[in-house]
>>> print(open('run-v8.cif').read())   # mmCIF, N, CA and C atoms
data_final
#
loop_
_atom_site.group_PDB
_atom_site.id
_atom_site.type_symbol
_atom_site.label_atom_id
_atom_site.label_comp_id
_atom_site.auth_asym_id
_atom_site.auth_seq_id
_atom_site.Cartn_x
_atom_site.Cartn_y
_atom_site.Cartn_z
ATOM 1 N N MET H 9 101.995 103.466 91.363
ATOM 2 C CA MET H 9 102.664 103.066 90.145
ATOM 3 C C MET H 9 103.277 101.684 90.361
ATOM 4 N N PRO H 10 102.823 100.706 89.597
ATOM 5 C CA PRO H 10 103.393 99.365 89.722
ATOM 6 C C PRO H 10 104.842 99.333 89.233
ATOM 7 N N VAL H 11 105.651 98.519 89.870
ATOM 8 C CA VAL H 11 107.060 98.379 89.500
ATOM 9 C C VAL H 11 107.275 96.958 88.990
ATOM 10 N N ILE H 12 107.934 96.847 87.840
ATOM 11 C CA ILE H 12 108.196 95.549 87.240
ATOM 12 C C ILE H 12 109.379 94.896 87.950
ATOM 13 N N ASN H 13 109.201 93.653 88.368
ATOM 14 C CA ASN H 13 110.280 92.861 88.945
ATOM 15 C C ASN H 13 110.717 91.844 87.898
ATOM 16 N N GLN H 14 112.011 91.692 87.700
ATOM 17 C CA GLN H 14 112.515 90.712 86.734
ATOM 18 C C GLN H 14 112.160 89.316 87.204
ATOM 19 N N PRO H 15 111.750 88.406 86.390
ATOM 20 C CA PRO H 15 111.719 88.390 84.935
ATOM 21 C C PRO H 15 110.376 88.816 84.350
ATOM 22 N N GLN H 16 109.551 89.555 85.082
ATOM 23 C CA GLN H 16 108.276 90.016 84.550
ATOM 24 C C GLN H 16 108.496 90.982 83.387
ATOM 25 N N VAL H 17 107.525 91.022 82.475
ATOM 26 C CA VAL H 17 107.600 91.908 81.333
ATOM 27 C C VAL H 17 106.652 93.088 81.511
ATOM 28 N N ALA H 18 105.535 92.858 82.226
ATOM 29 C CA ALA H 18 104.555 93.921 82.440
ATOM 30 C C ALA H 18 103.806 93.658 83.742
ATOM 31 N N ILE H 19 103.197 94.702 84.261
ATOM 32 C CA ILE H 19 102.381 94.573 85.466
ATOM 33 C C ILE H 19 101.257 95.610 85.380
ATOM 34 N N MET H 20 100.073 95.198 85.810
ATOM 35 C CA MET H 20 98.930 96.102 85.782
ATOM 36 C C MET H 20 98.547 96.482 87.207
ATOM 37 N N GLY H 21 98.452 97.772 87.444
ATOM 38 C CA GLY H 21 97.990 98.280 88.722
ATOM 39 C C GLY H 21 96.515 98.625 88.627
ATOM 40 N N VAL H 22 95.754 98.253 89.645
ATOM 41 C CA VAL H 22 94.312 98.500 89.665
ATOM 42 C C VAL H 22 93.999 99.406 90.844
ATOM 43 N N GLY H 23 93.381 100.552 90.540
ATOM 44 C CA GLY H 23 92.997 101.484 91.591
ATOM 45 C C GLY H 23 91.691 101.075 92.246
ATOM 46 N N ALA H 24 91.314 101.784 93.259
ATOM 47 C CA ALA H 24 90.065 101.511 93.967
ATOM 48 C C ALA H 24 88.867 101.903 93.104
ATOM 49 N N VAL H 25 87.782 101.173 93.258
ATOM 50 C CA VAL H 25 86.537 101.511 92.574
ATOM 51 C C VAL H 25 85.834 102.577 93.405
ATOM 52 N N ALA H 26 85.522 103.703 92.763
ATOM 53 C CA ALA H 26 84.868 104.814 93.461
ATOM 54 C C ALA H 26 83.783 105.405 92.569
ATOM 55 N N LYS H 27 82.750 105.919 93.193
ATOM 56 C CA LYS H 27 81.673 106.568 92.438
ATOM 57 C C LYS H 27 82.110 107.981 92.077
ATOM 58 N N GLU H 28 81.965 108.326 90.771
ATOM 59 C CA GLU H 28 82.372 109.641 90.283
ATOM 60 C C GLU H 28 81.332 110.162 89.299
ATOM 61 N N PRO H 29 81.190 111.482 89.213
ATOM 62 C CA PRO H 29 80.280 112.041 88.204
ATOM 63 C C PRO H 29 80.919 111.950 86.816
ATOM 64 N N VAL H 30 80.139 111.492 85.830
ATOM 65 C CA VAL H 30 80.598 111.407 84.445
ATOM 66 C C VAL H 30 79.506 111.935 83.526
ATOM 67 N N VAL H 31 79.893 112.369 82.326
ATOM 68 C CA VAL H 31 78.933 112.860 81.353
ATOM 69 C C VAL H 31 78.591 111.719 80.392
ATOM 70 N N ILE H 32 77.291 111.400 80.300
ATOM 71 C CA ILE H 32 76.796 110.360 79.403
ATOM 72 C C ILE H 32 75.628 110.951 78.632
ATOM 73 N N ASP H 33 75.772 111.029 77.305
ATOM 74 C CA ASP H 33 74.729 111.595 76.448
ATOM 75 C C ASP H 33 74.284 112.981 76.915
ATOM 76 N N ASP H 34 75.234 113.857 77.184
ATOM 77 C CA ASP H 34 74.985 115.234 77.620
ATOM 78 C C ASP H 34 74.247 115.337 78.952
ATOM 79 N N MET H 35 74.303 114.296 79.757
ATOM 80 C CA MET H 35 73.722 114.315 81.109
ATOM 81 C C MET H 35 74.802 113.898 82.098
ATOM 82 N N ILE H 36 74.702 114.417 83.302
ATOM 83 C CA ILE H 36 75.638 114.038 84.352
ATOM 84 C C ILE H 36 75.058 112.857 85.115
ATOM 85 N N ALA H 37 75.881 111.809 85.278
ATOM 86 C CA ALA H 37 75.443 110.610 85.985
ATOM 87 C C ALA H 37 76.549 110.170 86.941
ATOM 88 N N ILE H 38 76.165 109.413 87.940
ATOM 89 C CA ILE H 38 77.129 108.856 88.890
ATOM 90 C C ILE H 38 77.419 107.422 88.458
ATOM 91 N N ARG H 39 78.698 107.117 88.258
ATOM 92 C CA ARG H 39 79.107 105.787 87.827
ATOM 93 C C ARG H 39 80.270 105.307 88.673
ATOM 94 N N SER H 40 80.371 104.007 88.812
ATOM 95 C CA SER H 40 81.525 103.415 89.492
ATOM 96 C C SER H 40 82.693 103.432 88.511
ATOM 97 N N MET H 41 83.793 104.042 88.915
ATOM 98 C CA MET H 41 84.966 104.181 88.054
ATOM 99 C C MET H 41 86.177 103.548 88.731
ATOM 100 N N CYS H 42 87.072 103.014 87.910
ATOM 101 C CA CYS H 42 88.311 102.416 88.399
ATOM 102 C C CYS H 42 89.420 102.762 87.408
ATOM 103 N N TYR H 43 90.565 103.156 87.901
ATOM 104 C CA TYR H 43 91.683 103.493 87.038
ATOM 105 C C TYR H 43 92.648 102.313 86.962
ATOM 106 N N LEU H 44 93.100 101.997 85.736
ATOM 107 C CA LEU H 44 94.061 100.931 85.495
ATOM 108 C C LEU H 44 95.351 101.555 84.982
ATOM 109 N N ALA H 45 96.484 101.051 85.461
ATOM 110 C CA ALA H 45 97.783 101.527 84.987
ATOM 111 C C ALA H 45 98.601 100.318 84.549
ATOM 112 N N LEU H 46 99.050 100.330 83.296
ATOM 113 C CA LEU H 46 99.871 99.241 82.772
ATOM 114 C C LEU H 46 101.298 99.736 82.615
ATOM 115 N N THR H 47 102.215 99.069 83.297
ATOM 116 C CA THR H 47 103.636 99.373 83.176
ATOM 117 C C THR H 47 104.283 98.195 82.462
ATOM 118 N N PHE H 48 105.068 98.471 81.423
ATOM 119 C CA PHE H 48 105.678 97.379 80.676
ATOM 120 C C PHE H 48 107.074 97.759 80.220
ATOM 121 N N ASP H 49 107.864 96.744 79.899
ATOM 122 C CA ASP H 49 109.237 96.926 79.448
ATOM 123 C C ASP H 49 109.223 97.200 77.948
ATOM 124 N N HIS H 50 109.580 98.415 77.553
ATOM 125 C CA HIS H 50 109.541 98.807 76.138
ATOM 126 C C HIS H 50 110.531 98.020 75.281
ATOM 127 N N ARG H 51 111.504 97.403 75.919
ATOM 128 C CA ARG H 51 112.469 96.621 75.146
ATOM 129 C C ARG H 51 111.865 95.310 74.666
ATOM 130 N N LEU H 52 110.796 94.837 75.336
ATOM 131 C CA LEU H 52 110.210 93.544 74.997
ATOM 132 C C LEU H 52 108.806 93.641 74.410
ATOM 133 N N ILE H 53 108.056 94.695 74.764
ATOM 134 C CA ILE H 53 106.676 94.846 74.295
ATOM 135 C C ILE H 53 106.543 96.184 73.583
ATOM 136 N N ASP H 54 105.943 96.146 72.399
ATOM 137 C CA ASP H 54 105.670 97.369 71.652
ATOM 138 C C ASP H 54 104.512 98.109 72.322
ATOM 139 N N GLY H 55 104.548 99.418 72.296
ATOM 140 C CA GLY H 55 103.490 100.215 72.907
ATOM 141 C C GLY H 55 102.119 99.952 72.302
ATOM 142 N N ALA H 56 102.069 99.658 70.995
ATOM 143 C CA ALA H 56 100.789 99.366 70.336
ATOM 144 C C ALA H 56 100.175 98.085 70.890
ATOM 145 N N LEU H 57 100.994 97.078 71.139
ATOM 146 C CA LEU H 57 100.501 95.813 71.706
ATOM 147 C C LEU H 57 99.979 96.032 73.124
ATOM 148 N N ALA H 58 100.686 96.827 73.907
ATOM 149 C CA ALA H 58 100.231 97.133 75.264
ATOM 150 C C ALA H 58 98.910 97.903 75.225
ATOM 151 N N ASP H 59 98.764 98.807 74.263
ATOM 152 C CA ASP H 59 97.519 99.560 74.114
ATOM 153 C C ASP H 59 96.362 98.636 73.726
ATOM 154 N N GLN H 60 96.608 97.674 72.845
ATOM 155 C CA GLN H 60 95.573 96.707 72.456
ATOM 156 C C GLN H 60 95.125 95.882 73.667
ATOM 157 N N PHE H 61 96.085 95.460 74.492
ATOM 158 C CA PHE H 61 95.759 94.688 75.691
ATOM 159 C C PHE H 61 94.898 95.506 76.644
ATOM 160 N N THR H 62 95.292 96.752 76.887
ATOM 161 C CA THR H 62 94.532 97.617 77.785
ATOM 162 C C THR H 62 93.127 97.860 77.242
ATOM 163 N N GLY H 63 92.998 98.047 75.932
ATOM 164 C CA GLY H 63 91.683 98.226 75.316
ATOM 165 C C GLY H 63 90.801 97.005 75.469
ATOM 166 N N LYS H 64 91.392 95.806 75.352
ATOM 167 C CA LYS H 64 90.622 94.568 75.517
ATOM 168 C C LYS H 64 90.149 94.421 76.962
ATOM 169 N N VAL H 65 91.011 94.721 77.921
ATOM 170 C CA VAL H 65 90.612 94.669 79.336
ATOM 171 C C VAL H 65 89.466 95.637 79.583
ATOM 172 N N LYS H 66 89.552 96.839 79.045
ATOM 173 C CA LYS H 66 88.494 97.848 79.189
ATOM 174 C C LYS H 66 87.178 97.348 78.595
ATOM 175 N N ALA H 67 87.238 96.776 77.392
ATOM 176 C CA ALA H 67 86.027 96.275 76.729
ATOM 177 C C ALA H 67 85.371 95.157 77.522
ATOM 178 N N VAL H 68 86.169 94.246 78.055
ATOM 179 C CA VAL H 68 85.614 93.140 78.844
ATOM 180 C C VAL H 68 84.952 93.663 80.111
ATOM 181 N N LEU H 69 85.593 94.619 80.788
ATOM 182 C CA LEU H 69 85.021 95.153 82.023
ATOM 183 C C LEU H 69 83.759 95.972 81.764
ATOM 184 N N GLU H 70 83.706 96.694 80.658
ATOM 185 C CA GLU H 70 82.528 97.513 80.348
ATOM 186 C C GLU H 70 81.345 96.675 79.895
ATOM 187 N N ASN H 71 81.600 95.528 79.280
ATOM 188 C CA ASN H 71 80.527 94.675 78.761
ATOM 189 C C ASN H 71 80.464 93.356 79.525
ATOM 190 N N TRP H 72 80.545 93.447 80.831
ATOM 191 C CA TRP H 72 80.612 92.276 81.692
ATOM 192 C C TRP H 72 79.345 91.424 81.569
ATOM 193 N N SER H 73 79.516 90.111 81.524
ATOM 194 C CA SER H 73 78.397 89.183 81.511
ATOM 195 C C SER H 73 78.807 87.918 82.241
ATOM 196 N N VAL H 74 77.833 87.079 82.534
ATOM 197 C CA VAL H 74 78.115 85.817 83.237
ATOM 198 C C VAL H 74 78.983 84.923 82.368
ATOM 199 N N GLU H 75 78.883 85.051 81.043
ATOM 200 C CA GLU H 75 79.661 84.220 80.138
ATOM 201 C C GLU H 75 81.165 84.478 80.236
ATOM 202 N N VAL H 76 81.553 85.645 80.736
ATOM 203 C CA VAL H 76 82.970 85.976 80.885
ATOM 204 C C VAL H 76 83.602 85.066 81.927
ATOM 205 N N LEU H 77 82.842 84.717 82.950
ATOM 206 C CA LEU H 77 83.378 83.861 84.002
ATOM 207 C C LEU H 77 83.639 82.497 83.450
#
>>> encode(input="run-v8.cif", output="structure tokens")
Amino acid sequence: MPVINQPQVAIMGVGAVAKEPVVIDDMIAIRSMCYLALTFDHRLIDGALADQFTGKVKAVLENWSVEVL
């Protein structure tokens, strides 16, 4: 669990990438999975904004391309 140090407003923790079984189109497949944890100060950031940020990070990582670099 990441801990926010002042004057930071948020911090993202990134877990290790590991291969895990997942269900895709009613089939079991092995995929590389990584867990992200976003900790933020509720006094400064609304939960909806933090959720939008996490969703954007997820979308970029799932649809990775050379153009992202």
>>> resolve_selection(input="run-v8.cif", expression="the PyMOL selection byres ((chain H and resi 23) around 8)", output="MDAnalysis selection string")
chainID H and resid 20:22 24:26 41:45
>>> write_last_selection(input="run-v8.cif", atoms="N, CA and C atoms", output="PDB file, keeping the file's coordinate frame")
ATOM      1  N   MET H  20     100.073  95.198  85.810  1.00  0.00           N
ATOM      2  CA  MET H  20      98.930  96.102  85.782  1.00  0.00           C
ATOM      3  C   MET H  20      98.547  96.482  87.207  1.00  0.00           C
ATOM      4  N   GLY H  21      98.452  97.772  87.444  1.00  0.00           N
ATOM      5  CA  GLY H  21      97.990  98.280  88.722  1.00  0.00           C
ATOM      6  C   GLY H  21      96.515  98.625  88.627  1.00  0.00           C
ATOM      7  N   VAL H  22      95.754  98.253  89.645  1.00  0.00           N
ATOM      8  CA  VAL H  22      94.312  98.500  89.665  1.00  0.00           C
ATOM      9  C   VAL H  22      93.999  99.406  90.844  1.00  0.00           C
ATOM     10  N   ALA H  24      91.314 101.784  93.259  1.00  0.00           N
ATOM     11  CA  ALA H  24      90.065 101.511  93.967  1.00  0.00           C
ATOM     12  C   ALA H  24      88.867 101.903  93.104  1.00  0.00           C
ATOM     13  N   VAL H  25      87.782 101.173  93.258  1.00  0.00           N
ATOM     14  CA  VAL H  25      86.537 101.511  92.574  1.00  0.00           C
ATOM     15  C   VAL H  25      85.834 102.577  93.405  1.00  0.00           C
ATOM     16  N   ALA H  26      85.522 103.703  92.763  1.00  0.00           N
ATOM     17  CA  ALA H  26      84.868 104.814  93.461  1.00  0.00           C
ATOM     18  C   ALA H  26      83.783 105.405  92.569  1.00  0.00           C
ATOM     19  N   MET H  41      83.793 104.042  88.915  1.00  0.00           N
ATOM     20  CA  MET H  41      84.966 104.181  88.054  1.00  0.00           C
ATOM     21  C   MET H  41      86.177 103.548  88.731  1.00  0.00           C
ATOM     22  N   CYS H  42      87.072 103.014  87.910  1.00  0.00           N
ATOM     23  CA  CYS H  42      88.311 102.416  88.399  1.00  0.00           C
ATOM     24  C   CYS H  42      89.420 102.762  87.408  1.00  0.00           C
ATOM     25  N   TYR H  43      90.565 103.156  87.901  1.00  0.00           N
ATOM     26  CA  TYR H  43      91.683 103.493  87.038  1.00  0.00           C
ATOM     27  C   TYR H  43      92.648 102.313  86.962  1.00  0.00           C
ATOM     28  N   LEU H  44      93.100 101.997  85.736  1.00  0.00           N
ATOM     29  CA  LEU H  44      94.061 100.931  85.495  1.00  0.00           C
ATOM     30  C   LEU H  44      95.351 101.555  84.982  1.00  0.00           C
ATOM     31  N   ALA H  45      96.484 101.051  85.461  1.00  0.00           N
ATOM     32  CA  ALA H  45      97.783 101.527  84.987  1.00  0.00           C
ATOM     33  C   ALA H  45      98.601 100.318  84.549  1.00  0.00           C
TER      34      ALA H  45
END
>>> select_by_dssp(input="run-v8.cif", residues="chain H", states="helix (DSSP H, G or I)", output="PyMOL selection string")
chain H and resi 55-70+74-76
>>> atom_distance(input="run-v8.cif", atom1="atom C of Ala67 of chain H", atom2="atom CA of His50 of chain H")
24.5 Å
>>> select_by_dssp(input="run-v8.cif", residues="chain H", states="strand (DSSP E or B)", output="ChimeraX atom specification")
/H:18-22,26-32,35-41,44-48
>>> atom_distance(input="run-v8.cif", atom1="atom C of Ala18 of chain H", atom2="atom CA of Ile53 of chain H")
9.9 Å
>>> closest_residue(input="run-v8.cif", among="H:Asn13, H:Ser40, H:Thr47, H:Ser73", to="Asp59 of chain H", atoms="only C-alpha atoms")
H:Thr47
>>> residues_around(input="run-v8.cif", residues="Ala37 of chain H", least_positions_apart="5", cutoff="8 Å", atoms="all atoms listed in the file", output="PDB file with N, CA and C atoms, keeping the file's coordinate frame")
ATOM      1  N   LYS H  27      82.750 105.919  93.193  1.00  0.00           N
ATOM      2  CA  LYS H  27      81.673 106.568  92.438  1.00  0.00           C
ATOM      3  C   LYS H  27      82.110 107.981  92.077  1.00  0.00           C
ATOM      4  N   GLU H  28      81.965 108.326  90.771  1.00  0.00           N
ATOM      5  CA  GLU H  28      82.372 109.641  90.283  1.00  0.00           C
ATOM      6  C   GLU H  28      81.332 110.162  89.299  1.00  0.00           C
ATOM      7  N   PRO H  29      81.190 111.482  89.213  1.00  0.00           N
ATOM      8  CA  PRO H  29      80.280 112.041  88.204  1.00  0.00           C
ATOM      9  C   PRO H  29      80.919 111.950  86.816  1.00  0.00           C
ATOM     10  N   VAL H  30      80.139 111.492  85.830  1.00  0.00           N
ATOM     11  CA  VAL H  30      80.598 111.407  84.445  1.00  0.00           C
ATOM     12  C   VAL H  30      79.506 111.935  83.526  1.00  0.00           C
ATOM     13  N   VAL H  31      79.893 112.369  82.326  1.00  0.00           N
ATOM     14  CA  VAL H  31      78.933 112.860  81.353  1.00  0.00           C
ATOM     15  C   VAL H  31      78.591 111.719  80.392  1.00  0.00           C
ATOM     16  N   ILE H  32      77.291 111.400  80.300  1.00  0.00           N
ATOM     17  CA  ILE H  32      76.796 110.360  79.403  1.00  0.00           C
ATOM     18  C   ILE H  32      75.628 110.951  78.632  1.00  0.00           C
TER      19      ILE H  32
END
>>> atom_distance(input="run-v8.cif", atom1="atom CA of Thr62 of chain H", atom2="atom CA of Phe48 of chain H")
11.5 Å
>>> decode(input="run-v8.cif", residues="segment 10-21 of chain H", atoms="all heavy atoms", output="short mmCIF file (atom, residue, chain, number, x, y, z; two decimals), in the first residue's frame")
data_model
loop_
_atom_site.label_atom_id
_atom_site.label_comp_id
_atom_site.auth_asym_id
_atom_site.auth_seq_id
_atom_site.Cartn_x
_atom_site.Cartn_y
_atom_site.Cartn_z
N PRO H 10 0.80 2.04 -1.05
CA PRO H 10 1.60 3.26 -1.10
C PRO H 10 1.13 4.27 -0.04
O PRO H 10 -0.06 4.35 0.25
CB PRO H 10 1.36 3.81 -2.50
CG PRO H 10 0.45 2.88 -3.18
CD PRO H 10 0.03 1.82 -2.24
N VAL H 11 2.06 5.02 0.50
CA VAL H 11 1.75 6.03 1.51
C VAL H 11 2.07 7.40 0.92
O VAL H 11 3.15 7.61 0.37
CB VAL H 11 2.58 5.80 2.79
CG1 VAL H 11 2.34 6.90 3.81
CG2 VAL H 11 2.26 4.44 3.39
N ILE H 12 1.13 8.33 1.06
CA ILE H 12 1.31 9.67 0.53
C ILE H 12 2.20 10.47 1.49
O ILE H 12 1.94 10.53 2.68
CB ILE H 12 -0.04 10.39 0.38
CG1 ILE H 12 -0.97 9.60 -0.53
CG2 ILE H 12 0.16 11.80 -0.15
CD1 ILE H 12 -2.38 10.13 -0.57
N ASN H 13 3.22 11.10 0.94
CA ASN H 13 4.08 12.00 1.70
C ASN H 13 3.72 13.43 1.30
O ASN H 13 3.59 13.73 0.12
CB ASN H 13 5.55 11.73 1.41
CG ASN H 13 5.97 10.34 1.85
OD1 ASN H 13 5.65 9.91 2.94
ND2 ASN H 13 6.67 9.63 0.99
N GLN H 14 3.57 14.31 2.27
CA GLN H 14 3.26 15.71 1.96
C GLN H 14 4.42 16.34 1.22
O GLN H 14 5.56 16.02 1.51
CB GLN H 14 2.97 16.47 3.25
CG GLN H 14 1.76 15.98 3.99
CD GLN H 14 0.49 16.12 3.18
OE1 GLN H 14 0.35 17.02 2.36
NE2 GLN H 14 -0.45 15.22 3.38
N PRO H 15 4.25 17.13 0.22
CA PRO H 15 3.03 17.75 -0.28
C PRO H 15 2.38 16.98 -1.43
O PRO H 15 1.62 17.56 -2.20
CB PRO H 15 3.53 19.10 -0.77
CG PRO H 15 4.89 18.81 -1.31
CD PRO H 15 5.43 17.74 -0.38
N GLN H 16 2.64 15.69 -1.57
CA GLN H 16 2.02 14.90 -2.62
C GLN H 16 0.51 14.82 -2.40
O GLN H 16 0.03 14.90 -1.28
CB GLN H 16 2.58 13.49 -2.67
CG GLN H 16 4.05 13.42 -3.02
CD GLN H 16 4.58 11.99 -2.89
OE1 GLN H 16 4.01 11.15 -2.23
NE2 GLN H 16 5.70 11.76 -3.55
N VAL H 17 -0.23 14.67 -3.50
CA VAL H 17 -1.67 14.56 -3.43
C VAL H 17 -2.11 13.12 -3.67
O VAL H 17 -3.11 12.66 -3.15
CB VAL H 17 -2.33 15.50 -4.46
CG1 VAL H 17 -3.83 15.33 -4.48
CG2 VAL H 17 -1.96 16.94 -4.15
N ALA H 18 -1.33 12.38 -4.48
CA ALA H 18 -1.67 10.99 -4.79
C ALA H 18 -0.39 10.22 -5.11
O ALA H 18 0.64 10.81 -5.44
CB ALA H 18 -2.63 10.93 -5.97
N ILE H 19 -0.48 8.92 -5.01
CA ILE H 19 0.64 8.05 -5.37
C ILE H 19 0.07 6.74 -5.91
O ILE H 19 -0.94 6.25 -5.41
CB ILE H 19 1.58 7.81 -4.16
CG1 ILE H 19 2.84 7.08 -4.58
CG2 ILE H 19 0.86 7.10 -3.04
CD1 ILE H 19 3.93 7.07 -3.52
N MET H 20 0.72 6.22 -6.94
CA MET H 20 0.27 4.97 -7.53
C MET H 20 1.28 3.87 -7.23
O MET H 20 2.47 4.04 -7.50
CB MET H 20 0.08 5.09 -9.05
CG MET H 20 -0.37 3.79 -9.69
SD MET H 20 -0.81 3.96 -11.40
CE MET H 20 -2.42 4.65 -11.24
N GLY H 21 0.79 2.78 -6.69
CA GLY H 21 1.62 1.61 -6.45
C GLY H 21 1.43 0.62 -7.58
O GLY H 21 0.32 0.39 -8.04
#
